[in-house]
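Shown here: query22.txt, compact mmCIF, N, CA and C atoms.
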# COMPACT_ATOMS: atom_id res chain seq x y z
N MET A 1 152.78 22.22 57.76
CA MET A 1 152.21 23.53 57.55
C MET A 1 153.03 24.57 58.29
N GLN A 2 153.37 25.64 57.60
CA GLN A 2 154.17 26.68 58.22
C GLN A 2 153.30 27.60 59.07
N LYS A 3 153.89 28.04 60.17
CA LYS A 3 153.21 28.93 61.11
C LYS A 3 154.01 30.22 61.19
N PRO A 4 153.41 31.29 61.69
CA PRO A 4 154.20 32.51 61.91
C PRO A 4 155.25 32.26 62.99
N VAL A 5 156.37 32.93 62.87
CA VAL A 5 157.44 32.80 63.86
C VAL A 5 156.99 33.49 65.15
N PRO A 6 157.02 32.77 66.27
CA PRO A 6 156.62 33.38 67.54
C PRO A 6 157.60 34.48 67.98
N PRO A 7 157.18 35.31 68.91
CA PRO A 7 158.09 36.34 69.43
C PRO A 7 159.33 35.70 70.05
N PRO A 8 160.45 36.40 70.00
CA PRO A 8 161.70 35.85 70.55
C PRO A 8 161.60 35.55 72.05
N GLN A 9 162.26 34.48 72.45
CA GLN A 9 162.42 34.14 73.86
C GLN A 9 163.86 33.71 74.07
N TYR A 10 164.40 34.02 75.25
CA TYR A 10 165.80 33.75 75.54
C TYR A 10 165.93 33.12 76.92
N TRP A 11 167.10 32.52 77.16
CA TRP A 11 167.36 32.02 78.50
C TRP A 11 167.72 33.19 79.40
N THR A 12 167.59 32.96 80.70
CA THR A 12 167.84 34.01 81.69
C THR A 12 168.97 33.57 82.62
N ALA A 13 169.49 34.54 83.36
CA ALA A 13 170.51 34.21 84.36
C ALA A 13 169.95 33.24 85.39
N GLU A 14 168.70 33.43 85.78
CA GLU A 14 168.07 32.52 86.75
C GLU A 14 168.04 31.10 86.19
N ALA A 15 167.70 30.97 84.91
CA ALA A 15 167.63 29.65 84.28
C ALA A 15 169.02 29.01 84.23
N ALA A 16 170.02 29.79 83.90
CA ALA A 16 171.39 29.27 83.85
C ALA A 16 171.86 28.86 85.25
N GLN A 17 171.56 29.68 86.25
CA GLN A 17 171.93 29.32 87.63
C GLN A 17 171.24 28.03 88.06
N TRP A 18 169.98 27.90 87.72
CA TRP A 18 169.23 26.69 88.05
C TRP A 18 169.88 25.47 87.39
N ALA A 19 170.15 25.57 86.08
CA ALA A 19 170.76 24.44 85.36
C ALA A 19 172.14 24.12 85.93
N ALA A 20 172.91 25.15 86.23
CA ALA A 20 174.25 24.94 86.81
C ALA A 20 174.14 24.19 88.13
N GLN A 21 173.20 24.59 88.95
CA GLN A 21 173.01 23.93 90.24
C GLN A 21 172.57 22.48 90.05
N GLN A 22 171.64 22.24 89.15
CA GLN A 22 171.14 20.89 88.90
C GLN A 22 172.23 19.96 88.39
N LEU A 23 173.13 20.52 87.58
CA LEU A 23 174.16 19.71 86.91
C LEU A 23 175.53 19.78 87.57
N GLY A 24 175.64 20.60 88.63
CA GLY A 24 176.93 20.74 89.30
C GLY A 24 177.97 21.44 88.43
N LEU A 25 177.53 22.43 87.65
CA LEU A 25 178.43 23.16 86.76
C LEU A 25 178.79 24.52 87.33
N ARG A 26 179.92 25.03 86.93
CA ARG A 26 180.32 26.38 87.37
C ARG A 26 179.44 27.41 86.68
N TYR A 27 179.21 28.51 87.37
CA TYR A 27 178.43 29.61 86.81
C TYR A 27 178.82 30.90 87.54
N HIS A 28 178.95 31.97 86.78
CA HIS A 28 178.99 33.32 87.35
C HIS A 28 178.40 34.26 86.31
N ASP A 29 177.94 35.41 86.77
CA ASP A 29 177.22 36.33 85.89
C ASP A 29 178.05 36.83 84.71
N GLY A 30 179.36 36.75 84.78
CA GLY A 30 180.20 37.20 83.69
C GLY A 30 180.30 36.21 82.54
N MET A 31 179.68 35.06 82.70
CA MET A 31 179.73 34.03 81.65
C MET A 31 178.60 34.28 80.65
N GLN A 32 178.85 35.19 79.73
CA GLN A 32 177.84 35.61 78.76
C GLN A 32 177.33 34.45 77.91
N ASP A 33 178.22 33.56 77.52
CA ASP A 33 177.86 32.41 76.70
C ASP A 33 177.89 31.14 77.54
N TRP A 34 177.31 31.20 78.72
CA TRP A 34 177.41 30.13 79.69
C TRP A 34 177.18 28.73 79.11
N PRO A 35 176.09 28.49 78.38
CA PRO A 35 175.89 27.10 77.92
C PRO A 35 177.04 26.62 77.03
N TRP A 36 177.59 27.49 76.25
CA TRP A 36 178.66 27.12 75.33
C TRP A 36 179.97 26.91 76.09
N GLU A 37 180.14 27.64 77.17
CA GLU A 37 181.38 27.54 77.95
C GLU A 37 181.46 26.26 78.78
N VAL A 38 180.32 25.72 79.16
CA VAL A 38 180.34 24.58 80.09
C VAL A 38 179.86 23.26 79.49
N ALA A 39 179.23 23.31 78.32
CA ALA A 39 178.66 22.08 77.74
C ALA A 39 179.75 21.08 77.38
N GLU A 40 179.53 19.84 77.75
CA GLU A 40 180.45 18.75 77.47
C GLU A 40 179.68 17.62 76.79
N THR A 41 180.23 17.12 75.72
CA THR A 41 179.57 16.04 74.99
C THR A 41 179.31 14.84 75.89
N ALA A 42 180.23 14.55 76.77
CA ALA A 42 180.08 13.39 77.66
C ALA A 42 178.85 13.50 78.56
N ASP A 43 178.34 14.71 78.75
CA ASP A 43 177.19 14.93 79.63
C ASP A 43 175.87 15.08 78.87
N LEU A 44 175.87 14.79 77.60
CA LEU A 44 174.68 14.96 76.77
C LEU A 44 173.46 14.25 77.35
N ALA A 45 173.63 13.03 77.79
CA ALA A 45 172.50 12.28 78.36
C ALA A 45 171.94 12.99 79.60
N GLN A 46 172.81 13.57 80.41
CA GLN A 46 172.35 14.31 81.60
C GLN A 46 171.51 15.52 81.19
N TYR A 47 171.91 16.19 80.12
CA TYR A 47 171.17 17.37 79.66
C TYR A 47 169.78 16.97 79.18
N PHE A 48 169.70 15.88 78.43
CA PHE A 48 168.38 15.40 78.00
C PHE A 48 167.52 15.05 79.20
N CYS A 49 168.11 14.40 80.17
CA CYS A 49 167.38 14.02 81.38
C CYS A 49 166.87 15.26 82.12
N LEU A 50 167.73 16.25 82.28
CA LEU A 50 167.32 17.48 82.96
C LEU A 50 166.20 18.17 82.19
N TYR A 51 166.30 18.21 80.88
CA TYR A 51 165.24 18.83 80.07
C TYR A 51 163.89 18.18 80.38
N GLY A 52 163.89 16.87 80.50
CA GLY A 52 162.66 16.15 80.79
C GLY A 52 162.07 16.44 82.15
N GLN A 53 162.85 17.02 83.05
CA GLN A 53 162.38 17.33 84.40
C GLN A 53 161.85 18.76 84.54
N ILE A 54 161.95 19.54 83.48
CA ILE A 54 161.58 20.96 83.58
C ILE A 54 160.08 21.14 83.52
N ASN A 55 159.56 21.90 84.50
CA ASN A 55 158.16 22.29 84.48
C ASN A 55 158.01 23.55 85.32
N GLY A 56 156.84 24.12 85.31
CA GLY A 56 156.58 25.28 86.14
C GLY A 56 156.70 26.60 85.40
N HIS A 57 156.55 27.68 86.16
CA HIS A 57 156.52 29.04 85.62
C HIS A 57 157.79 29.41 84.85
N ALA A 58 158.94 29.01 85.32
CA ALA A 58 160.21 29.37 84.68
C ALA A 58 160.60 28.41 83.57
N ALA A 59 159.70 27.52 83.20
CA ALA A 59 160.02 26.45 82.25
C ALA A 59 160.59 26.94 80.92
N PRO A 60 160.00 27.93 80.25
CA PRO A 60 160.55 28.29 78.93
C PRO A 60 162.03 28.69 78.98
N ALA A 61 162.42 29.55 79.88
CA ALA A 61 163.82 29.97 79.97
C ALA A 61 164.73 28.80 80.33
N ARG A 62 164.24 27.92 81.17
CA ARG A 62 165.03 26.73 81.54
C ARG A 62 165.16 25.78 80.35
N ARG A 63 164.07 25.60 79.60
CA ARG A 63 164.15 24.74 78.41
C ARG A 63 165.14 25.31 77.40
N ILE A 64 165.12 26.61 77.25
CA ILE A 64 166.02 27.25 76.29
C ILE A 64 167.47 27.03 76.69
N VAL A 65 167.80 27.27 77.95
CA VAL A 65 169.20 27.14 78.37
C VAL A 65 169.66 25.68 78.29
N VAL A 66 168.80 24.74 78.62
CA VAL A 66 169.19 23.34 78.54
C VAL A 66 169.30 22.91 77.07
N LEU A 67 168.42 23.42 76.21
CA LEU A 67 168.57 23.14 74.79
C LEU A 67 169.90 23.67 74.28
N GLU A 68 170.31 24.85 74.73
CA GLU A 68 171.62 25.40 74.33
C GLU A 68 172.75 24.45 74.76
N LEU A 69 172.66 23.92 75.96
CA LEU A 69 173.66 22.94 76.41
C LEU A 69 173.67 21.73 75.49
N ILE A 70 172.50 21.24 75.15
CA ILE A 70 172.39 20.07 74.28
C ILE A 70 172.97 20.35 72.90
N LEU A 71 172.59 21.48 72.31
CA LEU A 71 173.07 21.81 70.97
C LEU A 71 174.58 21.96 70.94
N GLU A 72 175.13 22.63 71.94
CA GLU A 72 176.58 22.81 71.99
C GLU A 72 177.29 21.48 72.21
N ALA A 73 176.78 20.68 73.13
CA ALA A 73 177.41 19.39 73.41
C ALA A 73 177.37 18.47 72.19
N ALA A 74 176.30 18.55 71.43
CA ALA A 74 176.17 17.70 70.24
C ALA A 74 176.98 18.23 69.07
N SER A 75 177.15 19.54 68.99
CA SER A 75 177.79 20.16 67.82
C SER A 75 179.28 20.40 67.95
N ASN A 76 179.84 20.25 69.13
CA ASN A 76 181.21 20.73 69.34
C ASN A 76 182.30 19.87 68.72
N GLY A 77 181.93 18.84 67.98
CA GLY A 77 182.92 18.06 67.26
C GLY A 77 183.31 16.75 67.92
N ALA A 78 182.85 16.51 69.14
CA ALA A 78 183.24 15.28 69.84
C ALA A 78 182.42 14.07 69.40
N LEU A 79 181.26 14.30 68.79
CA LEU A 79 180.45 13.19 68.30
C LEU A 79 180.86 12.85 66.87
N THR A 80 180.81 11.59 66.54
CA THR A 80 181.01 11.19 65.15
C THR A 80 179.78 11.62 64.36
N ASP A 81 179.86 11.60 63.05
CA ASP A 81 178.71 11.94 62.22
C ASP A 81 177.54 11.01 62.51
N ASP A 82 177.82 9.73 62.70
CA ASP A 82 176.76 8.77 63.01
C ASP A 82 176.12 9.07 64.37
N GLU A 83 176.93 9.41 65.35
CA GLU A 83 176.40 9.75 66.68
C GLU A 83 175.56 11.03 66.61
N LEU A 84 176.00 11.99 65.81
CA LEU A 84 175.24 13.23 65.65
C LEU A 84 173.89 12.94 65.00
N ARG A 85 173.89 12.12 63.96
CA ARG A 85 172.62 11.74 63.31
C ARG A 85 171.71 10.99 64.29
N ALA A 86 172.30 10.19 65.15
CA ALA A 86 171.51 9.45 66.14
C ALA A 86 170.94 10.37 67.22
N ALA A 87 171.65 11.44 67.54
CA ALA A 87 171.18 12.39 68.55
C ALA A 87 170.07 13.29 68.01
N TRP A 88 170.08 13.54 66.71
CA TRP A 88 169.14 14.50 66.13
C TRP A 88 167.67 14.18 66.43
N PRO A 89 167.17 12.96 66.30
CA PRO A 89 165.76 12.72 66.61
C PRO A 89 165.37 13.12 68.04
N HIS A 90 166.31 12.97 68.97
CA HIS A 90 166.03 13.36 70.36
C HIS A 90 165.95 14.88 70.48
N ILE A 91 166.83 15.57 69.77
CA ILE A 91 166.80 17.04 69.77
C ILE A 91 165.53 17.53 69.09
N LYS A 92 165.20 16.93 67.96
CA LYS A 92 164.00 17.33 67.22
C LYS A 92 162.76 17.14 68.08
N ALA A 93 162.71 16.09 68.88
CA ALA A 93 161.57 15.87 69.76
C ALA A 93 161.41 17.03 70.75
N LEU A 94 162.52 17.58 71.23
CA LEU A 94 162.45 18.73 72.13
C LEU A 94 161.87 19.94 71.41
N LEU A 95 162.28 20.14 70.17
CA LEU A 95 161.77 21.27 69.39
C LEU A 95 160.26 21.15 69.19
N TYR A 96 159.78 19.94 68.98
CA TYR A 96 158.34 19.72 68.84
C TYR A 96 157.61 19.92 70.16
N HIS A 97 158.30 19.64 71.26
CA HIS A 97 157.68 19.74 72.59
C HIS A 97 157.31 21.17 72.94
N ASP A 98 158.17 22.13 72.63
CA ASP A 98 157.91 23.52 73.01
C ASP A 98 158.47 24.47 71.95
N PRO A 99 157.94 24.42 70.72
CA PRO A 99 158.51 25.23 69.65
C PRO A 99 158.44 26.73 69.91
N GLU A 100 157.39 27.19 70.58
CA GLU A 100 157.27 28.63 70.80
C GLU A 100 158.41 29.17 71.66
N ALA A 101 158.85 28.41 72.64
CA ALA A 101 159.96 28.84 73.48
C ALA A 101 161.30 28.64 72.77
N LEU A 102 161.41 27.59 71.98
CA LEU A 102 162.72 27.20 71.44
C LEU A 102 163.01 27.73 70.05
N VAL A 103 162.05 28.36 69.40
CA VAL A 103 162.23 28.78 68.02
C VAL A 103 163.35 29.82 67.87
N THR A 104 163.53 30.71 68.80
CA THR A 104 164.59 31.71 68.71
C THR A 104 165.96 31.03 68.72
N THR A 105 166.12 30.07 69.60
CA THR A 105 167.37 29.31 69.66
C THR A 105 167.57 28.52 68.38
N ALA A 106 166.53 27.86 67.90
CA ALA A 106 166.64 27.09 66.66
C ALA A 106 167.03 27.99 65.50
N GLU A 107 166.41 29.16 65.42
CA GLU A 107 166.73 30.08 64.32
C GLU A 107 168.19 30.51 64.37
N TYR A 108 168.70 30.80 65.56
CA TYR A 108 170.10 31.18 65.69
C TYR A 108 171.02 30.07 65.17
N TRP A 109 170.73 28.84 65.57
CA TRP A 109 171.58 27.71 65.19
C TRP A 109 171.43 27.33 63.72
N CYS A 110 170.40 27.84 63.04
CA CYS A 110 170.27 27.62 61.59
C CYS A 110 171.34 28.38 60.81
N VAL A 111 171.83 29.49 61.37
CA VAL A 111 172.86 30.33 60.74
C VAL A 111 172.43 30.66 59.31
N TRP A 112 171.31 31.35 59.19
CA TRP A 112 170.75 31.66 57.88
C TRP A 112 171.66 32.54 57.03
N GLN A 113 172.55 33.30 57.63
CA GLN A 113 173.44 34.15 56.83
C GLN A 113 174.48 33.34 56.05
N ALA A 114 174.68 32.09 56.42
CA ALA A 114 175.62 31.22 55.70
C ALA A 114 174.89 30.56 54.53
N GLU A 115 175.55 30.52 53.41
CA GLU A 115 174.97 29.84 52.26
C GLU A 115 175.03 28.33 52.49
N GLU A 116 174.07 27.64 51.90
CA GLU A 116 173.95 26.19 52.07
C GLU A 116 175.27 25.48 51.75
N ALA A 117 175.93 25.89 50.69
CA ALA A 117 177.17 25.25 50.26
C ALA A 117 178.32 25.47 51.24
N ASN A 118 178.20 26.46 52.11
CA ASN A 118 179.29 26.81 53.03
C ASN A 118 179.00 26.44 54.48
N LEU A 119 177.97 25.68 54.73
CA LEU A 119 177.60 25.37 56.12
C LEU A 119 178.72 24.69 56.88
N ASP A 120 179.48 23.82 56.23
CA ASP A 120 180.57 23.13 56.93
C ASP A 120 181.58 24.10 57.52
N GLU A 121 181.82 25.21 56.86
CA GLU A 121 182.81 26.17 57.33
C GLU A 121 182.22 27.32 58.15
N GLU A 122 180.95 27.66 57.90
CA GLU A 122 180.39 28.88 58.47
C GLU A 122 179.26 28.66 59.47
N ALA A 123 178.95 27.43 59.78
CA ALA A 123 177.81 27.18 60.67
C ALA A 123 178.17 26.08 61.67
N PHE A 124 177.16 25.60 62.35
CA PHE A 124 177.32 24.54 63.34
C PHE A 124 177.06 23.19 62.67
N ARG A 125 177.55 22.15 63.27
CA ARG A 125 177.31 20.81 62.70
C ARG A 125 175.83 20.47 62.66
N LEU A 126 175.04 21.01 63.58
CA LEU A 126 173.61 20.74 63.60
C LEU A 126 172.81 21.69 62.71
N SER A 127 173.44 22.70 62.15
CA SER A 127 172.70 23.67 61.34
C SER A 127 171.90 23.03 60.21
N PRO A 128 172.45 22.09 59.45
CA PRO A 128 171.63 21.48 58.39
C PRO A 128 170.37 20.79 58.92
N PHE A 129 170.48 20.13 60.06
CA PHE A 129 169.32 19.46 60.66
C PHE A 129 168.28 20.49 61.10
N LEU A 130 168.75 21.55 61.76
CA LEU A 130 167.84 22.58 62.24
C LEU A 130 167.19 23.32 61.08
N ARG A 131 167.93 23.55 60.03
CA ARG A 131 167.34 24.20 58.85
C ARG A 131 166.23 23.34 58.25
N GLU A 132 166.45 22.06 58.18
CA GLU A 132 165.42 21.16 57.65
C GLU A 132 164.16 21.23 58.52
N TRP A 133 164.33 21.17 59.84
CA TRP A 133 163.19 21.28 60.76
C TRP A 133 162.50 22.62 60.57
N TRP A 134 163.28 23.69 60.51
CA TRP A 134 162.71 25.04 60.38
C TRP A 134 161.85 25.14 59.13
N ARG A 135 162.38 24.69 58.00
CA ARG A 135 161.67 24.82 56.72
C ARG A 135 160.30 24.15 56.73
N THR A 136 160.12 23.13 57.53
CA THR A 136 158.83 22.45 57.58
C THR A 136 157.83 23.17 58.49
N HIS A 137 158.31 24.11 59.30
CA HIS A 137 157.42 24.75 60.27
C HIS A 137 157.28 26.27 60.14
N TYR A 138 158.30 26.92 59.66
CA TYR A 138 158.31 28.39 59.65
C TYR A 138 158.81 28.92 58.31
N PRO A 139 158.38 30.13 57.96
CA PRO A 139 158.91 30.73 56.74
C PRO A 139 160.38 31.09 56.92
N LEU A 140 161.10 31.09 55.83
CA LEU A 140 162.51 31.48 55.89
C LEU A 140 162.62 32.94 56.29
N PRO A 141 163.62 33.29 57.07
CA PRO A 141 163.82 34.70 57.43
C PRO A 141 164.15 35.53 56.19
N ALA A 142 163.81 36.80 56.23
CA ALA A 142 164.14 37.69 55.14
C ALA A 142 165.64 37.80 55.03
N PRO A 143 166.17 37.84 53.82
CA PRO A 143 167.63 37.98 53.66
C PRO A 143 168.12 39.29 54.27
N THR A 144 169.32 39.24 54.82
CA THR A 144 169.90 40.45 55.39
C THR A 144 170.88 41.04 54.39
N ALA A 145 171.01 42.34 54.44
CA ALA A 145 171.93 43.03 53.53
C ALA A 145 173.37 42.73 53.94
N PRO A 146 174.27 42.55 52.97
CA PRO A 146 175.67 42.33 53.32
C PRO A 146 176.26 43.54 54.03
N GLU A 147 177.21 43.25 54.90
CA GLU A 147 177.81 44.36 55.68
C GLU A 147 178.87 45.06 54.87

Please re-express this file's structure in structure tokens.
Amino acid sequence: MQKPVPPPQYWTAEAAQWAAQQLGLRYHDGMQDWPWEVAETADLAQYFCLYGQINGHAAPARRIVVLELILEAASNGALTDDELRAAWPHIKALLYHDPEALVTTAEYWCVWQAEEANLDEEAFRLSPFLREWWRTHYPLPAPTAPE
């Protein structure tokens, strides 16, 4: 059953600093795309583990930033197609765990402006998986006018 799309939520500098400290990663405020700059496929298991440890008041922003690490590490091309398919159920479980916090991130990674036939060239490797998840839970975004 589809639900209305919750209000947008994003990761914060505090959440990124916390994740960097937990994972021993470099961080400075000038790293606008921090999760994408530091995510490594080899550390995917660590990211899942850290996600499982998140709780408390700052949890949504922390979940978002760690999900970004996971999505980048899984999508950056270092996993085989079989490994990516094997990782997807674990990622999907996170989306089910806290969809209200993670829906903005999921929507971004769906890359709705790319046509289905062009996803391989214009989107992320996980975009088809995220689109499938999205379609079962939320209405499709309104089409945007071409630039």

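With distances taken over only C-alpha atoms, A:Leu69 is the one residue among A:Ala45, A:Val103, A:Met1, A:Leu69 lying closest to A:Leu25.
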
Find the residues around A:Leu71 up to 9 Å (only C-alpha atoms counted), leave out those fewer than 3 positions away in its own chain, and share them as a PyMOL selection string.
chain A and resi 36+39+66-68+74-76+91+109+126

Could you give me the centre and size, in Å to one decimal, of an axis-aligned box around all listed atoms of stretch 38-42 of chain A with 3 Å added on every side, as lines of an AutoDock Vina configuration file?
center_x = 179.6
center_y = 19.6
center_z = 77.5
size_x = 7.8
size_y = 18.3
size_z = 11.1

Restricting the calculation to only N, CA and C atoms: of A:Leu119, A:Arg125, A:Gln113, A:Glu100, which residue gets closest to A:Pro7?
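Answer, going by the shortest atom-to-atom distance: A:Glu100.
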
Which residue of A:Glu115, A:Glu122, A:Glu107, A:Asp29 approaches A:Tyr10 most closely, using only C-alpha atoms
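Nearest candidate to A:Tyr10 out of A:Glu115, A:Glu122, A:Glu107, A:Asp29: A:Glu107.
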
Of the candidates A:Pro89, A:Glu132, A:Tyr51, A:His57, which shows the shortest atom-to-atom distance to A:Cys110, using all atoms listed in the file?
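Distance minimum relative to A:Cys110 lands on A:Glu132.
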
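With atom N of A:His90 on one side and atom N of A:Ala15 on the other, the separation reads 24.1 Å.
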
Skipping near chain neighbours, those fewer than 2 positions away, what residues fall within 6.5 Å of A:Thr12 using all atoms listed in the file, listed as a PyMOL selection string?
chain A and resi 10+14-17+61-62+65

Just want the 6.5 Å neighbourhood of A:Glu40, counted on all atoms listed in the file, with same-chain residues fewer than 4 positions away dropped. Output as a list in words.
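Final neighbour list, sorted by chain and number: Leu44, Glu72, Ala73 and Ala74 of chain A.
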
Could you please determine the separation between atom CA of A:Asp82 and atom CA of A:Ala117 in Å, to one decimal place?
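Separating atom CA of A:Asp82 from atom CA of A:Ala117 is a distance of 20.8 Å.
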
Point-to-point distance from atom N of A:Glu121 to atom CA of A:Tyr108, Å rounded to tenths
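For atom N of A:Glu121 relative to atom CA of A:Tyr108, the distance reads 15.8 Å.
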
From the DSSP assignment of the backbone, select every residue of stretch 12-105 of chain A that is helix (DSSP H, G or I), and format the answer as a PyMOL selection string.
chain A and resi 13-23+34-38+41-52+59-75+81-97+99-105

Residue with smallest distance to A:Gln9 - pool A:Glu83, A:Gln22, A:Ile64, A:Val38, counting only C-alpha atoms:
A:Ile64

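Closest approach to A:Lys3 among A:Ala114, A:Ile70, A:Pro99, A:Leu84 is made by A:Pro99 (distances from only C-alpha atoms).
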
Block slice stretch 44-52 of chain A, all heavy atoms, emitted as a PDB file, in the first residue's frame:
ATOM      1  N   LEU A  44      31.957  -2.208   3.540  1.00  0.00           N
ATOM      2  CA  LEU A  44      30.498  -2.314   3.542  1.00  0.00           C
ATOM      3  C   LEU A  44      29.969  -2.996   4.803  1.00  0.00           C
ATOM      4  O   LEU A  44      29.013  -2.517   5.422  1.00  0.00           O
ATOM      5  CB  LEU A  44      30.049  -3.063   2.278  1.00  0.00           C
ATOM      6  CG  LEU A  44      28.605  -2.967   1.858  1.00  0.00           C
ATOM      7  CD1 LEU A  44      28.105  -1.542   1.767  1.00  0.00           C
ATOM      8  CD2 LEU A  44      28.411  -3.665   0.516  1.00  0.00           C
ATOM      9  N   ALA A  45      30.585  -4.070   5.212  1.00  0.00           N
ATOM     10  CA  ALA A  45      30.129  -4.778   6.415  1.00  0.00           C
ATOM     11  C   ALA A  45      30.222  -3.883   7.654  1.00  0.00           C
ATOM     12  O   ALA A  45      29.334  -3.914   8.517  1.00  0.00           O
ATOM     13  CB  ALA A  45      30.942  -6.050   6.627  1.00  0.00           C
ATOM     14  N   GLN A  46      31.261  -3.070   7.736  1.00  0.00           N
ATOM     15  CA  GLN A  46      31.402  -2.133   8.863  1.00  0.00           C
ATOM     16  C   GLN A  46      30.262  -1.122   8.870  1.00  0.00           C
ATOM     17  O   GLN A  46      29.761  -0.760   9.931  1.00  0.00           O
ATOM     18  CB  GLN A  46      32.716  -1.357   8.760  1.00  0.00           C
ATOM     19  CG  GLN A  46      33.930  -2.078   9.239  1.00  0.00           C
ATOM     20  CD  GLN A  46      35.117  -1.127   9.210  1.00  0.00           C
ATOM     21  OE1 GLN A  46      35.547  -0.707   8.140  1.00  0.00           O
ATOM     22  NE2 GLN A  46      35.606  -0.769  10.378  1.00  0.00           N
ATOM     23  N   TYR A  47      29.870  -0.657   7.694  1.00  0.00           N
ATOM     24  CA  TYR A  47      28.789   0.331   7.605  1.00  0.00           C
ATOM     25  C   TYR A  47      27.471  -0.277   8.075  1.00  0.00           C
ATOM     26  O   TYR A  47      26.718   0.363   8.815  1.00  0.00           O
ATOM     27  CB  TYR A  47      28.646   0.876   6.193  1.00  0.00           C
ATOM     28  CG  TYR A  47      29.915   1.459   5.594  1.00  0.00           C
ATOM     29  CD1 TYR A  47      30.106   1.461   4.225  1.00  0.00           C
ATOM     30  CD2 TYR A  47      30.926   1.987   6.391  1.00  0.00           C
ATOM     31  CE1 TYR A  47      31.260   1.986   3.654  1.00  0.00           C
ATOM     32  CE2 TYR A  47      32.083   2.510   5.835  1.00  0.00           C
ATOM     33  CZ  TYR A  47      32.241   2.503   4.464  1.00  0.00           C
ATOM     34  OH  TYR A  47      33.386   3.022   3.896  1.00  0.00           O
ATOM     35  N   PHE A  48      27.200  -1.508   7.655  1.00  0.00           N
ATOM     36  CA  PHE A  48      25.989  -2.177   8.123  1.00  0.00           C
ATOM     37  C   PHE A  48      26.018  -2.347   9.635  1.00  0.00           C
ATOM     38  O   PHE A  48      25.010  -2.137  10.319  1.00  0.00           O
ATOM     39  CB  PHE A  48      25.817  -3.541   7.441  1.00  0.00           C
ATOM     40  CG  PHE A  48      25.233  -3.480   6.064  1.00  0.00           C
ATOM     41  CD1 PHE A  48      25.999  -3.813   4.959  1.00  0.00           C
ATOM     42  CD2 PHE A  48      23.912  -3.102   5.860  1.00  0.00           C
ATOM     43  CE1 PHE A  48      25.464  -3.772   3.682  1.00  0.00           C
ATOM     44  CE2 PHE A  48      23.365  -3.052   4.590  1.00  0.00           C
ATOM     45  CZ  PHE A  48      24.143  -3.387   3.491  1.00  0.00           C
ATOM     46  N   CYS A  49      27.162  -2.721  10.156  1.00  0.00           N
ATOM     47  CA  CYS A  49      27.312  -2.900  11.601  1.00  0.00           C
ATOM     48  C   CYS A  49      27.062  -1.583  12.338  1.00  0.00           C
ATOM     49  O   CYS A  49      26.337  -1.546  13.328  1.00  0.00           O
ATOM     50  CB  CYS A  49      28.699  -3.449  11.906  1.00  0.00           C
ATOM     51  SG  CYS A  49      28.967  -3.815  13.650  1.00  0.00           S
ATOM     52  N   LEU A  50      27.656  -0.508  11.850  1.00  0.00           N
ATOM     53  CA  LEU A  50      27.462   0.798  12.484  1.00  0.00           C
ATOM     54  C   LEU A  50      25.997   1.210  12.424  1.00  0.00           C
ATOM     55  O   LEU A  50      25.454   1.729  13.406  1.00  0.00           O
ATOM     56  CB  LEU A  50      28.343   1.863  11.806  1.00  0.00           C
ATOM     57  CG  LEU A  50      28.247   3.261  12.392  1.00  0.00           C
ATOM     58  CD1 LEU A  50      28.649   3.283  13.869  1.00  0.00           C
ATOM     59  CD2 LEU A  50      29.108   4.233  11.594  1.00  0.00           C
ATOM     60  N   TYR A  51      25.348   0.974  11.306  1.00  0.00           N
ATOM     61  CA  TYR A  51      23.927   1.316  11.196  1.00  0.00           C
ATOM     62  C   TYR A  51      23.133   0.631  12.305  1.00  0.00           C
ATOM     63  O   TYR A  51      22.262   1.235  12.913  1.00  0.00           O
ATOM     64  CB  TYR A  51      23.379   0.920   9.822  1.00  0.00           C
ATOM     65  CG  TYR A  51      21.982   1.432   9.593  1.00  0.00           C
ATOM     66  CD1 TYR A  51      21.772   2.608   8.886  1.00  0.00           C
ATOM     67  CD2 TYR A  51      20.874   0.769  10.101  1.00  0.00           C
ATOM     68  CE1 TYR A  51      20.489   3.100   8.694  1.00  0.00           C
ATOM     69  CE2 TYR A  51      19.595   1.253   9.913  1.00  0.00           C
ATOM     70  CZ  TYR A  51      19.408   2.411   9.215  1.00  0.00           C
ATOM     71  OH  TYR A  51      18.134   2.905   9.042  1.00  0.00           O
ATOM     72  N   GLY A  52      23.445  -0.612  12.564  1.00  0.00           N
ATOM     73  CA  GLY A  52      22.742  -1.364  13.592  1.00  0.00           C
ATOM     74  C   GLY A  52      22.959  -0.847  15.000  1.00  0.00           C
ATOM     75  O   GLY A  52      22.184  -1.163  15.906  1.00  0.00           O
TER      76      GLY A  52
END
